[in-house]
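So this one's query13.pdb, PDB, C-alpha atoms and all ligand atoms:
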ATOM      1  CA  MET A   6       7.828 -16.214  20.126
ATOM      2  CA  PRO A   7       9.875 -13.475  18.386
ATOM      3  CA  PRO A   8      10.140 -10.190  20.322
ATOM      4  CA  ALA A   9       7.555  -7.595  19.308
ATOM      5  CA  ASN A  10       8.564  -4.655  17.140
ATOM      6  CA  PRO A  11       7.337  -1.486  18.924
ATOM      7  CA  PHE A  12       7.067   0.319  15.553
ATOM      8  CA  LEU A  13       4.308  -2.162  14.577
ATOM      9  CA  ASP A  14       2.536  -2.147  17.913
ATOM     10  CA  GLN A  15      -0.731  -0.251  17.352
ATOM     11  CA  GLU A  16      -1.042   0.591  21.044
ATOM     12  CA  GLN A  17       2.392   2.233  21.074
ATOM     13  CA  ILE A  18       1.831   3.984  17.716
ATOM     14  CA  ARG A  19      -1.452   5.504  18.904
ATOM     15  CA  GLY A  20      -0.295   6.028  22.488
ATOM     16  CA  THR A  21       3.184   6.631  23.866
ATOM     17  CA  LEU A  22       4.950   7.206  20.539
ATOM     18  CA  TYR A  23       2.703   9.611  18.673
ATOM     19  CA  SER A  24      -0.214  10.845  20.781
ATOM     20  CA  GLY A  25       1.420  14.283  20.966
ATOM     21  CA  PRO A  26       4.440  16.099  19.529
ATOM     22  CA  GLU A  27       6.823  16.033  22.531
ATOM     23  CA  ARG A  28       8.357  12.562  22.254
ATOM     24  CA  LEU A  29       8.779  12.729  18.462
ATOM     25  CA  ALA A  30      10.293  16.223  18.767
ATOM     26  CA  SER A  31      12.833  14.988  21.377
ATOM     27  CA  ARG A  32      13.796  11.942  19.307
ATOM     28  CA  THR A  33      14.261  13.770  16.016
ATOM     29  CA  GLY A  34      15.743  16.826  17.759
ATOM     30  CA  ALA A  35      18.430  14.695  19.472
ATOM     31  CA  LEU A  36      19.297  13.060  16.135
ATOM     32  CA  LEU A  37      19.428  16.354  14.222
ATOM     33  CA  GLU A  38      21.673  17.902  16.855
ATOM     34  CA  ALA A  39      23.996  14.875  16.611
ATOM     35  CA  ARG A  40      24.157  14.707  12.815
ATOM     36  CA  THR A  41      27.650  15.408  11.466
ATOM     37  CA  SER A  42      27.088  14.350   7.848
ATOM     38  CA  GLY A  43      24.171  13.708   5.521
ATOM     39  CA  THR A  44      22.085  16.036   3.354
ATOM     40  CA  PRO A  45      18.946  17.411   5.048
ATOM     41  CA  VAL A  46      16.040  15.211   3.916
ATOM     42  CA  VAL A  47      13.887  18.154   2.849
ATOM     43  CA  GLU A  48      16.615  19.318   0.426
ATOM     44  CA  VAL A  49      16.789  15.906  -1.256
ATOM     45  CA  LEU A  50      12.989  15.752  -1.448
ATOM     46  CA  ALA A  51      12.797  19.177  -3.130
ATOM     47  CA  ASP A  52      15.409  18.086  -5.728
ATOM     48  CA  LEU A  53      13.611  14.799  -6.421
ATOM     49  CA  LEU A  54      10.272  16.558  -6.862
ATOM     50  CA  ARG A  55      11.733  19.075  -9.292
ATOM     51  CA  THR A  56      13.387  16.250 -11.250
ATOM     52  CA  TRP A  57      10.505  13.795 -11.415
ATOM     53  CA  LEU A  58       7.292  15.863 -11.448
ATOM     54  CA  ALA A  59       5.882  16.150 -14.966
ATOM     55  CA  LEU A  60       4.731  19.728 -14.190
ATOM     56  CA  PRO A  61       6.222  22.703 -12.304
ATOM     57  CA  VAL A  62       5.926  22.471  -8.501
ATOM     58  CA  PRO A  63       3.593  25.553  -8.329
ATOM     59  CA  ASP A  64       1.047  23.589 -10.419
ATOM     60  CA  ALA A  65       1.313  20.366  -8.400
ATOM     61  CA  HIS A  66      -1.084  18.870  -5.845
ATOM     62  CA  LEU A  67       0.956  17.191  -3.091
ATOM     63  CA  LEU A  68       0.133  14.705  -0.314
ATOM     64  CA  ASP A  69       2.442  14.044   2.668
ATOM     65  CA  VAL A  70       1.392  10.818   4.437
ATOM     66  CA  GLY A  71       2.517   9.978   7.984
ATOM     67  CA  CYS A  72       3.319  13.681   8.386
ATOM     68  CA  GLY A  73       4.108  13.506  12.124
ATOM     69  CA  ARG A  74       4.726  17.031  13.468
ATOM     70  CA  GLY A  75       4.740  18.397   9.932
ATOM     71  CA  THR A  76       8.470  19.034   9.516
ATOM     72  CA  THR A  77       8.470  17.661   5.959
ATOM     73  CA  SER A  78       4.995  19.075   5.226
ATOM     74  CA  ARG A  79       6.150  22.565   6.151
ATOM     75  CA  ALA A  80       9.157  22.333   3.835
ATOM     76  CA  LEU A  81       6.896  21.053   1.038
ATOM     77  CA  ALA A  82       4.471  23.929   1.604
ATOM     78  CA  GLU A  83       7.387  26.362   1.323
ATOM     79  CA  LEU A  84       8.033  25.067  -2.222
ATOM     80  CA  GLY A  85       4.699  26.749  -3.118
ATOM     81  CA  PRO A  86       2.669  23.847  -4.578
ATOM     82  CA  ALA A  87      -0.886  24.404  -5.901
ATOM     83  CA  SER A  88      -2.114  22.461  -2.855
ATOM     84  CA  LEU A  89      -0.733  20.377  -0.014
ATOM     85  CA  VAL A  90      -2.506  17.826   2.182
ATOM     86  CA  ALA A  91      -0.658  16.506   5.256
ATOM     87  CA  LEU A  92      -2.110  13.288   6.732
ATOM     88  CA  ASP A  93      -1.449  11.367   9.933
ATOM     89  CA  LEU A  94      -3.155   8.805  12.165
ATOM     90  CA  SER A  95      -2.586  10.874  15.298
ATOM     91  CA  PRO A  96      -5.105  13.675  15.978
ATOM     92  CA  GLY A  97      -2.528  15.387  18.229
ATOM     93  CA  LEU A  98       0.133  15.442  15.516
ATOM     94  CA  VAL A  99      -2.350  16.554  12.851
ATOM     95  CA  SER A 100      -3.201  19.504  15.028
ATOM     96  CA  THR A 101       0.530  20.307  15.547
ATOM     97  CA  THR A 102       1.140  20.076  11.791
ATOM     98  CA  ARG A 103      -1.805  22.370  11.074
ATOM     99  CA  SER A 104      -0.316  24.994  13.397
ATOM    100  CA  ARG A 105       3.134  24.720  11.758
ATOM    101  CA  LEU A 106       2.064  25.040   8.120
ATOM    102  CA  PRO A 107       2.832  28.447   6.635
ATOM    103  CA  PRO A 108      -0.288  30.580   6.152
ATOM    104  CA  GLY A 109      -1.860  31.096   2.741
ATOM    105  CA  GLY A 110      -2.456  28.807  -0.202
ATOM    106  CA  ARG A 111      -4.475  25.605  -0.254
ATOM    107  CA  ARG A 112      -3.151  23.647   2.747
ATOM    108  CA  ALA A 113      -4.913  21.024   4.869
ATOM    109  CA  ALA A 114      -3.956  18.636   7.653
ATOM    110  CA  VAL A 115      -6.214  15.582   7.978
ATOM    111  CA  CYS A 116      -6.449  12.694  10.392
ATOM    112  CA  ALA A 117      -6.684   9.312   8.618
ATOM    113  CA  ASP A 118      -5.078   5.891   8.318
ATOM    114  CA  PHE A 119      -2.700   5.554   5.368
ATOM    115  CA  HIS A 120      -4.108   2.065   4.696
ATOM    116  CA  ARG A 121      -7.418   3.726   3.658
ATOM    117  CA  LEU A 122      -6.779   7.157   2.172
ATOM    118  CA  PRO A 123      -9.891   9.357   2.114
ATOM    119  CA  PHE A 124      -9.265  10.652  -1.426
ATOM    120  CA  GLY A 125     -10.558   9.826  -4.884
ATOM    121  CA  SER A 126      -8.416   7.988  -7.420
ATOM    122  CA  GLY A 127      -5.981  10.186  -9.337
ATOM    123  CA  THR A 128      -6.140  13.149  -6.928
ATOM    124  CA  PHE A 129      -2.432  13.953  -6.454
ATOM    125  CA  ASP A 130       0.593  14.692  -8.631
ATOM    126  CA  ALA A 131       3.004  13.518  -5.930
ATOM    127  CA  THR A 132       2.844  11.747  -2.579
ATOM    128  CA  ILE A 133       5.650  11.673  -0.030
ATOM    129  CA  ALA A 134       5.904   9.042   2.711
ATOM    130  CA  ALA A 135       8.860   9.988   4.935
ATOM    131  CA  PHE A 136       9.907   7.725   7.814
ATOM    132  CA  CYS A 137       6.475   6.171   8.296
ATOM    133  CA  LEU A 138       5.973   3.082   6.104
ATOM    134  CA  TYR A 139       7.824   0.971   8.685
ATOM    135  CA  HIS A 140       4.816   1.473  10.980
ATOM    136  CA  SER A 141       2.699  -0.760   8.719
ATOM    137  CA  SER A 142       2.740  -4.546   8.807
ATOM    138  CA  ASP A 143       1.700  -4.394   5.132
ATOM    139  CA  PRO A 144       3.606  -1.491   3.512
ATOM    140  CA  THR A 145       2.888  -2.792  -0.013
ATOM    141  CA  ALA A 146      -0.845  -2.305   0.663
ATOM    142  CA  VAL A 147      -0.126   1.302   1.758
ATOM    143  CA  ILE A 148       1.900   1.916  -1.420
ATOM    144  CA  GLY A 149      -1.012   0.446  -3.431
ATOM    145  CA  GLU A 150      -3.371   2.930  -1.756
ATOM    146  CA  ILE A 151      -0.947   5.802  -2.431
ATOM    147  CA  SER A 152      -0.643   4.701  -6.072
ATOM    148  CA  ARG A 153      -4.454   4.672  -6.453
ATOM    149  CA  CYS A 154      -4.566   8.319  -5.329
ATOM    150  CA  LEU A 155      -1.861   9.408  -7.828
ATOM    151  CA  ARG A 156      -2.641  10.683 -11.325
ATOM    152  CA  ILE A 157      -1.189   8.659 -14.211
ATOM    153  CA  GLY A 158       2.419   9.872 -14.374
ATOM    154  CA  GLY A 159       2.217  10.912 -10.700
ATOM    155  CA  VAL A 160       5.210  10.451  -8.427
ATOM    156  CA  PHE A 161       5.652   8.592  -5.134
ATOM    157  CA  ILE A 162       8.680   9.312  -2.947
ATOM    158  CA  ALA A 163       9.382   7.037   0.013
ATOM    159  CA  VAL A 164      12.077   7.912   2.559
ATOM    160  CA  THR A 165      13.263   5.229   4.923
ATOM    161  CA  LYS A 166      16.328   3.989   6.817
ATOM    162  CA  SER A 167      18.594   0.946   6.733
ATOM    163  CA  VAL A 168      17.630  -2.017   8.873
ATOM    164  CA  ASP A 169      20.912  -1.719  10.832
ATOM    165  CA  SER A 170      20.485   1.987  11.640
ATOM    166  CA  TYR A 171      22.189   3.056  14.904
ATOM    167  CA  ARG A 172      23.536  -0.491  15.494
ATOM    168  CA  GLU A 173      26.527   1.150  17.263
ATOM    169  CA  LEU A 174      24.127   2.152  20.065
ATOM    170  CA  ASP A 175      22.868  -1.451  20.403
ATOM    171  CA  GLU A 176      26.476  -2.615  20.717
ATOM    172  CA  LEU A 177      27.353   0.108  23.204
ATOM    173  CA  LEU A 178      24.394  -0.630  25.501
ATOM    174  CA  THR A 179      25.178  -4.354  25.453
ATOM    175  CA  ASP A 180      28.907  -3.724  26.076
ATOM    176  CA  ILE A 181      28.337  -1.511  29.108
ATOM    177  CA  GLY A 182      25.673  -3.906  30.422
ATOM    178  CA  LEU A 183      22.799  -1.428  30.451
ATOM    179  CA  THR A 184      20.546  -3.625  28.300
ATOM    180  CA  SER A 185      21.058  -7.298  27.635
ATOM    181  CA  ASN A 186      18.852  -8.348  24.723
ATOM    182  CA  THR A 187      19.178  -5.412  22.324
ATOM    183  CA  ALA A 188      21.101  -7.280  19.629
ATOM    184  CA  SER A 189      18.435  -9.997  19.380
ATOM    185  CA  GLN A 190      15.546  -7.511  19.041
ATOM    186  CA  PRO A 191      14.129  -6.844  15.581
ATOM    187  CA  SER A 192      15.134  -3.643  13.835
ATOM    188  CA  LEU A 193      12.610  -0.844  14.258
ATOM    189  CA  TYR A 194      12.765  -0.470  10.472
ATOM    190  CA  ALA A 195      12.190  -4.167   9.676
ATOM    191  CA  ALA A 196       8.908  -3.657   7.789
ATOM    192  CA  ALA A 197      10.101  -1.086   5.221
ATOM    193  CA  HIS A 198      13.791  -0.277   4.919
ATOM    194  CA  SER A 199      16.564   0.600   2.457
ATOM    195  CA  GLU A 200      16.987  -2.959   1.257
ATOM    196  CA  ASN A 201      13.328  -3.968   0.718
ATOM    197  CA  ILE A 202      11.685  -0.674  -0.317
ATOM    198  CA  HIS A 203      12.195  -1.469  -4.032
ATOM    199  CA  ALA A 204      10.470  -4.862  -3.721
ATOM    200  CA  LEU A 205       7.650  -3.308  -1.671
ATOM    201  CA  SER A 206       6.976  -0.628  -4.314
ATOM    202  CA  ALA A 207       7.477  -2.585  -7.554
ATOM    203  CA  PRO A 208       4.029  -4.296  -7.543
ATOM    204  CA  HIS A 209       2.312  -0.889  -7.839
ATOM    205  CA  LEU A 210       4.726   1.602  -9.419
ATOM    206  CA  GLU A 211       7.574   1.792 -11.883
ATOM    207  CA  VAL A 212      10.669   2.441  -9.784
ATOM    208  CA  GLY A 213      12.544   5.357 -11.355
ATOM    209  CA  GLN A 214      15.313   5.984  -8.827
ATOM    210  CA  LEU A 215      16.702   4.593  -5.589
ATOM    211  CA  LEU A 216      19.199   6.736  -3.681
ATOM    212  CA  HIS A 217      21.119   5.850  -0.531
ATOM    213  CA  GLU A 218      23.097   8.257   1.646
ATOM    214  CA  GLU A 219      24.922   7.466   4.874
ATOM    215  CA  HIS A 220      24.174   9.855   7.731
ATOM    216  CA  ARG A 221      26.616  10.010  10.636
ATOM    217  CA  PHE A 222      25.871  11.110  14.186
ATOM    218  CA  ARG A 223      28.052  12.102  17.139
ATOM    219  CA  PHE A 224      26.578  12.458  20.619
ATOM    220  CA  GLU A 225      28.997  14.718  22.519
ATOM    221  CA  THR A 226      27.538  14.321  26.018
ATOM    222  CA  LEU A 227      25.766  11.594  27.985
ATOM    223  CA  GLU A 228      22.766  13.871  28.429
ATOM    224  CA  HIS A 229      22.468  14.306  24.665
ATOM    225  CA  LEU A 230      22.747  10.531  24.132
ATOM    226  CA  ALA A 231      20.146   9.898  26.857
ATOM    227  CA  GLY A 232      17.807  12.327  25.064
ATOM    228  CA  TYR A 233      17.756   9.986  22.071
ATOM    229  CA  LEU A 234      17.830   6.659  23.948
ATOM    230  CA  ALA A 235      14.974   7.633  26.264
ATOM    231  CA  THR A 236      12.668   8.512  23.367
ATOM    232  CA  THR A 237      13.331   5.619  20.977
ATOM    233  CA  PRO A 238      11.119   2.626  21.841
ATOM    234  CA  LYS A 239      13.709  -0.029  21.017
ATOM    235  CA  TYR A 240      15.378  -0.040  24.405
ATOM    236  CA  THR A 241      13.740  -1.161  27.607
ATOM    237  CA  PHE A 242      15.560   0.095  30.661
ATOM    238  CA  ALA A 243      15.066  -0.915  34.281
ATOM    239  CA  SER A 244      11.832   0.460  35.687
ATOM    240  CA  SER A 245      13.785   2.771  37.998
ATOM    241  CA  THR A 246      15.385   4.361  34.913
ATOM    242  CA  GLY A 247      12.328   4.255  32.650
ATOM    243  CA  SER A 248      12.317   6.940  30.016
ATOM    244  CA  ASP A 249      13.552   9.636  32.381
ATOM    245  CA  ARG A 250      16.390  11.411  30.584
ATOM    246  CA  GLN A 251      18.155  12.579  33.742
ATOM    247  CA  ARG A 252      18.112   9.131  35.383
ATOM    248  CA  LEU A 253      19.283   7.535  32.152
ATOM    249  CA  THR A 254      22.171  10.027  31.966
ATOM    250  CA  GLU A 255      23.199   8.990  35.490
ATOM    251  CA  GLU A 256      22.904   5.274  34.619
ATOM    252  CA  LEU A 257      25.065   5.731  31.505
ATOM    253  CA  ARG A 258      27.676   7.477  33.681
ATOM    254  CA  ARG A 259      27.495   4.757  36.362
ATOM    255  CA  HIS A 260      28.057   2.084  33.676
ATOM    256  CA  GLY A 261      31.185   3.890  32.476
ATOM    257  CA  CYS A 262      29.845   5.040  29.114
ATOM    258  CA  ALA A 263      32.501   7.195  27.426
ATOM    259  CA  THR A 264      31.724  10.141  25.143
ATOM    260  CA  PRO A 265      31.584  11.093  22.337
ATOM    261  CA  VAL A 266      29.415   8.268  20.980
ATOM    262  CA  SER A 267      29.160   7.805  17.201
ATOM    263  CA  ALA A 268      26.419   6.111  15.208
ATOM    264  CA  SER A 269      25.265   5.885  11.592
ATOM    265  CA  SER A 270      22.206   5.192   9.486
ATOM    266  CA  THR A 271      21.622   4.965   5.746
ATOM    267  CA  VAL A 272      18.760   7.162   4.559
ATOM    268  CA  SER A 273      17.143   5.882   1.363
ATOM    269  CA  TYR A 274      14.846   7.589  -1.133
ATOM    270  CA  LEU A 275      12.749   5.664  -3.626
ATOM    271  CA  VAL A 276      10.987   7.396  -6.514
ATOM    272  CA  GLY A 277       8.117   5.477  -8.123
ATOM    273  CA  VAL A 278       5.928   6.610 -11.031
ATOM    274  CA  ARG A 279       2.336   5.519 -11.642
ATOM    275  CA  HIS A 280       2.022   4.337 -15.209
ATOM    276  CA  GLU A 281      -1.526   2.996 -15.369
TER     277      GLU A 281
HETATM  278  C1  LIG A 301       8.557   9.333  12.438
HETATM  279  S1  LIG A 301       6.982  10.012  12.210
HETATM  280  C2  LIG A 301       7.025  10.752  10.603
HETATM  281  C3  LIG A 301       7.729  12.038  10.472
HETATM  282  C4  LIG A 301       7.380  12.890   9.277
HETATM  283  N1  LIG A 301       7.008  12.167   8.080
HETATM  284  C5  LIG A 301       8.528  13.813   8.959
HETATM  285  O1  LIG A 301       9.138  13.666   7.898
HETATM  286  O2  LIG A 301       8.824  14.686   9.772
HETATM  287  C6  LIG A 301       5.949   8.611  11.811
HETATM  288  C7  LIG A 301       4.487   8.998  11.675
HETATM  289  O3  LIG A 301       3.744   7.931  11.072
HETATM  290  C8  LIG A 301       2.427   8.021  11.584
HETATM  291  N2  LIG A 301       1.678   6.787  11.332
HETATM  292  C9  LIG A 301       1.897   5.550  11.849
HETATM  293  N3  LIG A 301       0.960   4.689  11.404
HETATM  294  C10 LIG A 301       0.130   5.391  10.587
HETATM  295  C11 LIG A 301      -1.031   5.060   9.832
HETATM  296  N4  LIG A 301      -1.540   3.815   9.852
HETATM  297  N5  LIG A 301      -1.629   6.017   9.091
HETATM  298  C12 LIG A 301      -1.137   7.298   9.086
HETATM  299  N6  LIG A 301      -0.028   7.677   9.790
HETATM  300  C13 LIG A 301       0.596   6.733  10.533
HETATM  301  C14 LIG A 301       2.656   8.274  13.060
HETATM  302  O4  LIG A 301       1.494   8.775  13.710
HETATM  303  C15 LIG A 301       3.814   9.264  13.012
HETATM  304  O5  LIG A 301       3.359  10.592  13.051
END

Would you mind writing the file out in structure tokens?
Ligand SMILES: C[S@@+](CC[C@H](N)C(=O)[O-])C[C@H]1O[C@@H](n2cnc3c(N)ncnc32)[C@H](O)[C@@H]1O
Amino acid sequence: MPPANPFLDQEQIRGTLYSGPERLASRTGALLEARTSGTPVVEVLADLLRTWLALPVPDAHLLDVGCGRGTTSRALAELGPASLVALDLSPGLVSTTRSRLPPGGRRAAVCADFHRLPFGSGTFDATIAAFCLYHSSDPTAVIGEISRCLRIGGVFIAVTKSVDSYRELDELLTDIGLTSNTASQPSLYAAAHSENIHALSAPHLEVGQLLHEEHRFRFETLEHLAGYLATTPKYTFASSTGSDRQRLTEELRRHGCATPVSASSTVSYLVGVRHE
């Protein structure tokens, strides 16, 4: 039987990964701190919206699905759209997003499953799905649902990562003997990634643009590296190490892990337009 992908495991999605903001904040915080090149995602999203929306952003009704802690939602709200709805499966993260949205304007954070969006057809001018479609075992169905909720001429922007993202960390952990089966595990991004996002979207939308940008990361200290490794679900460490950052730092040191550690990931943006 092939090894399970934790990003598709409903128990992990609803439980350890996303029940509250802490683990997601540590994972993305460790990556952001390590990033040495790559345009901030929110800047690319703002440019794509301005390019592809058929109306000015202040007149647009936006939806951010799989909003997590609301980092992207907050940046979208700061563009001053006519309205913004942020949506996530996790009640804890919806509540965090609500508290992080800037005050004023028509803003809402709602708890729902992106496979069944609680909106009428043709409600939004643009929908963003950043780093979340790879949590669905049927991303094309999610994109179909998103397309239904777009007006004719409305814009979908998906952001995802390459299937081989952070492979340098897999190799490192195998080389130092801290994990043994990492290379044979499926990519966390297997369901919706840079290489298949076009094929996943094409049944529902006209693909207008596909952009790829390599992001590079450099973890200067073992503690910083452990902060990422302990919060990504790909790696299973000995039960004595678990997901404890301090213990993992000590284990990395004991296994002779040298710093700095470099890694890379391609971030991809797909723009699709609803034509009928
Ligand atoms: C990595 S986070 C997204 C981060 C966020 N989009 C951002 O740009 O900061 C992935 C999110 O997808 C959400 N998610 C997973 N499955 C979902 C589903 N079926 N419906 C809605 N949200 C889902 C998770 O709860 C999690 O908050």

Hey, could you pull the box centre and edge lengths for ligand LIG 301 (chain A), axis-aligned, 6 Å padding per side, all listed atoms, to one decimal in Å, as JSON?
{"center_x": 3.8, "center_y": 9.3, "center_z": 10.8, "size_x": 22.8, "size_y": 22.9, "size_z": 17.8}

Given all atoms listed in the file, how would the per-residue table for chain A near ligand LIG 301 (chain A) read, listing every residue at most 7 Å away with its closest atom pair and distance in Å to one decimal, sorted by chain and number, as a Markdown table?
| residue | atom | partner | partner_atom | distance |
| --- | --- | --- | --- | --- |
| A:Ile18 | CA | A:LIG301 | C9 | 6.1 |
| A:Arg19 | CA | A:LIG301 | O4 | 6.8 |
| A:Tyr23 | CA | A:LIG301 | O4 | 5.2 |
| A:Leu29 | CA | A:LIG301 | C1 | 6.9 |
| A:Val70 | CA | A:LIG301 | C12 | 6.4 |
| A:Gly71 | CA | A:LIG301 | N6 | 3.9 |
| A:Cys72 | CA | A:LIG301 | N1 | 4.0 |
| A:Gly73 | CA | A:LIG301 | O5 | 3.1 |
| A:Arg74 | CA | A:LIG301 | O2 | 6.0 |
| A:Gly75 | CA | A:LIG301 | O2 | 5.5 |
| A:Thr76 | CA | A:LIG301 | O2 | 4.4 |
| A:Thr77 | CA | A:LIG301 | O1 | 4.5 |
| A:Leu92 | CA | A:LIG301 | C12 | 6.5 |
| A:Asp93 | CA | A:LIG301 | N6 | 4.0 |
| A:Leu94 | CA | A:LIG301 | C12 | 4.0 |
| A:Ser95 | CA | A:LIG301 | O4 | 4.9 |
| A:Leu98 | CA | A:LIG301 | O5 | 6.3 |
| A:Ala117 | CA | A:LIG301 | C12 | 5.9 |
| A:Asp118 | CA | A:LIG301 | N5 | 3.5 |
| A:Phe119 | CA | A:LIG301 | N5 | 3.9 |
| A:His120 | CA | A:LIG301 | N4 | 6.0 |
| A:Ala134 | CA | A:LIG301 | N1 | 6.3 |
| A:Ala135 | CA | A:LIG301 | N1 | 4.3 |
| A:Phe136 | CA | A:LIG301 | C2 | 5.0 |
| A:Cys137 | CA | A:LIG301 | O3 | 4.3 |
| A:His140 | CA | A:LIG301 | N3 | 5.0 |
| A:Ser141 | CA | A:LIG301 | N3 | 6.3 |

Tell me which residues the PyMOL selection byres (((chain A and resi 279) around 8) and not hetatm) grabs here, as a list of chain:residue names.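 Taken on the displayed file, the PyMOL selection byres (((chain A and resi 279) around 8) and not hetatm) yields the residues A:Ser152, A:Leu155, A:Arg156, A:Ile157, A:Gly158, A:Gly159, A:Val160, A:Phe161, A:His209, A:Leu210, A:Glu211, A:Gly277, A:Val278, A:His280, A:Glu281.
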
Pick from A:Val168, A:Val99, A:Cys262, A:Val212 nearest to Leu183 in chain A, counting all atoms listed in the file: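 For Leu183 in chain A, the nearest of the given residues is A:Cys262.
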
Quick one: residues within 9 Å of range 42-53 of chain A, all atoms listed in the file, excluding same-chain residues fewer than 2 positions away - as an NGL selection string? :A and (40 or 55-58 or 76-77 or 80-81 or 84 or 133 or 135 or 162 or 164 or 218-222 or 272 or 274 or 276)

If the PyMOL selection byres (((chain A and resi 266) around 9) and not hetatm) is run on the structure shown, which residues does it catch, given as a list in words? Glu173, Leu174, Leu177, Phe222, Arg223, Phe224, Glu225, Thr226, Leu227, Leu230, Cys262, Ala263, Thr264, Pro265, Ser267 and Ala268 of chain A

Residue members of the PyMOL selection byres (((chain A and resi 178) around 12) and not hetatm) in the file shown, as a compact mmCIF listing (two decimals) with C-alpha atoms, in the coordinates of the input:
# COMPACT_ATOMS: atom_id res chain seq x y z
CA TYR A 171 22.19 3.06 14.90
CA ARG A 172 23.54 -0.49 15.49
CA GLU A 173 26.53 1.15 17.26
CA LEU A 174 24.13 2.15 20.07
CA ASP A 175 22.87 -1.45 20.40
CA GLU A 176 26.48 -2.62 20.72
CA LEU A 177 27.35 0.11 23.20
CA THR A 179 25.18 -4.35 25.45
CA ASP A 180 28.91 -3.72 26.08
CA ILE A 181 28.34 -1.51 29.11
CA GLY A 182 25.67 -3.91 30.42
CA LEU A 183 22.80 -1.43 30.45
CA THR A 184 20.55 -3.62 28.30
CA SER A 185 21.06 -7.30 27.64
CA ASN A 186 18.85 -8.35 24.72
CA THR A 187 19.18 -5.41 22.32
CA ALA A 188 21.10 -7.28 19.63
CA LEU A 230 22.75 10.53 24.13
CA ALA A 231 20.15 9.90 26.86
CA LEU A 234 17.83 6.66 23.95
CA LYS A 239 13.71 -0.03 21.02
CA TYR A 240 15.38 -0.04 24.40
CA THR A 241 13.74 -1.16 27.61
CA PHE A 242 15.56 0.10 30.66
CA LEU A 253 19.28 7.54 32.15
CA GLU A 256 22.90 5.27 34.62
CA LEU A 257 25.06 5.73 31.50
CA ARG A 258 27.68 7.48 33.68
CA HIS A 260 28.06 2.08 33.68
CA GLY A 261 31.18 3.89 32.48
CA CYS A 262 29.84 5.04 29.11
CA ALA A 263 32.50 7.20 27.43
CA VAL A 266 29.42 8.27 20.98

Mind giving me the straight-line distance from CA of His203 in chain A to CA of Gly85 in chain A in Å, one decimal?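 Straight-line distance from CA of His203 in chain A to CA of Gly85 in chain A works out to 29.2 Å.
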
When distances are computed from only C-alpha atoms, which of A:Leu37, A:Leu216, A:Ala197, A:Leu106 shows the smallest separation from Ser167 in chain A? A:Ala197

Considering all atoms listed in the file, state which residue in the set A:Pro191, A:Gly125, A:Gly109, A:Gly34 is at the smallest distance from Gly232 in chain A.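 Checking each candidate against Gly232 in chain A, we get A:Gly34 as the closest.
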
Report, in Å to a single decimal, how far apart CA of Phe12 in chain A and CA of Pro238 in chain A are.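 CA of Pro238 in chain A sits 7.8 Å away from CA of Phe12 in chain A.
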
Restricting the calculation to all atoms listed in the file, which member of A:Ile151, A:Ala243, A:Val115, A:Leu138 is positioned closest to Asn201 in chain A?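 Answer, going by the shortest atom-to-atom distance: A:Leu138.
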
One decimal, Å: what's the distance from CA of Glu38 in chain A over to CA of Tyr233 in chain A, could you say?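 One can read the CA of Glu38 in chain A to CA of Tyr233 in chain A distance as 10.3 Å.
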
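With all atoms listed in the file as the basis for measurement, A:Ser78 is the residue among A:Pro123, A:Glu255, A:Ser78, A:Thr128 that approaches Pro107 in chain A most closely.
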
Excluding same-chain residues fewer than 3 positions from range 88-90 of chain A, what lies within 6 Å of it counting only C-alpha atoms, as JSON, numbers by chain? {"A": [66, 67, 68, 111, 112, 113, 114]}

Mind writing the picked residues with C-alpha atoms as a compact mmCIF listing (two decimals), in the frame of the given file?
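So part-v4.txt came out as:
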# COMPACT_ATOMS: atom_id res chain seq x y z
CA HIS A 66 -1.08 18.87 -5.84
CA LEU A 67 0.96 17.19 -3.09
CA LEU A 68 0.13 14.70 -0.31
CA ARG A 111 -4.47 25.60 -0.25
CA ARG A 112 -3.15 23.65 2.75
CA ALA A 113 -4.91 21.02 4.87
CA ALA A 114 -3.96 18.64 7.65

Neighbouring residues of Leu205 in chain A were defined as those with any atom within 10 Å, considering all atoms listed in the file; residues of the same chain fewer than 4 positions away were excluded. Please report them as a ChimeraX atom specification. /A:143-149,196-198,200-201,209-210

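The protein and nucleic acid residues lying at most 9 Å from His229 in chain A are A:Ala35, A:Glu38, A:Ala39, A:Arg250, A:Thr254, with only C-alpha atoms considered and sequence neighbours fewer than 6 positions away removed.
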
What does the file look like for those residues with C-alpha atoms, as an mmCIF file, in the coordinates of the input?
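The resulting out03.cif:
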data_model
loop_
_atom_site.group_PDB
_atom_site.id
_atom_site.type_symbol
_atom_site.label_atom_id
_atom_site.label_comp_id
_atom_site.auth_asym_id
_atom_site.auth_seq_id
_atom_site.Cartn_x
_atom_site.Cartn_y
_atom_site.Cartn_z
ATOM 1 C CA ALA A 35 18.430 14.695 19.472
ATOM 2 C CA GLU A 38 21.673 17.902 16.855
ATOM 3 C CA ALA A 39 23.996 14.875 16.611
ATOM 4 C CA ARG A 250 16.390 11.411 30.584
ATOM 5 C CA THR A 254 22.171 10.027 31.966
#

Nearest-residue call for Gln15 in chain A, choices A:Thr237, A:Thr33, A:Thr102, A:Ser142, using all atoms listed in the file: A:Ser142
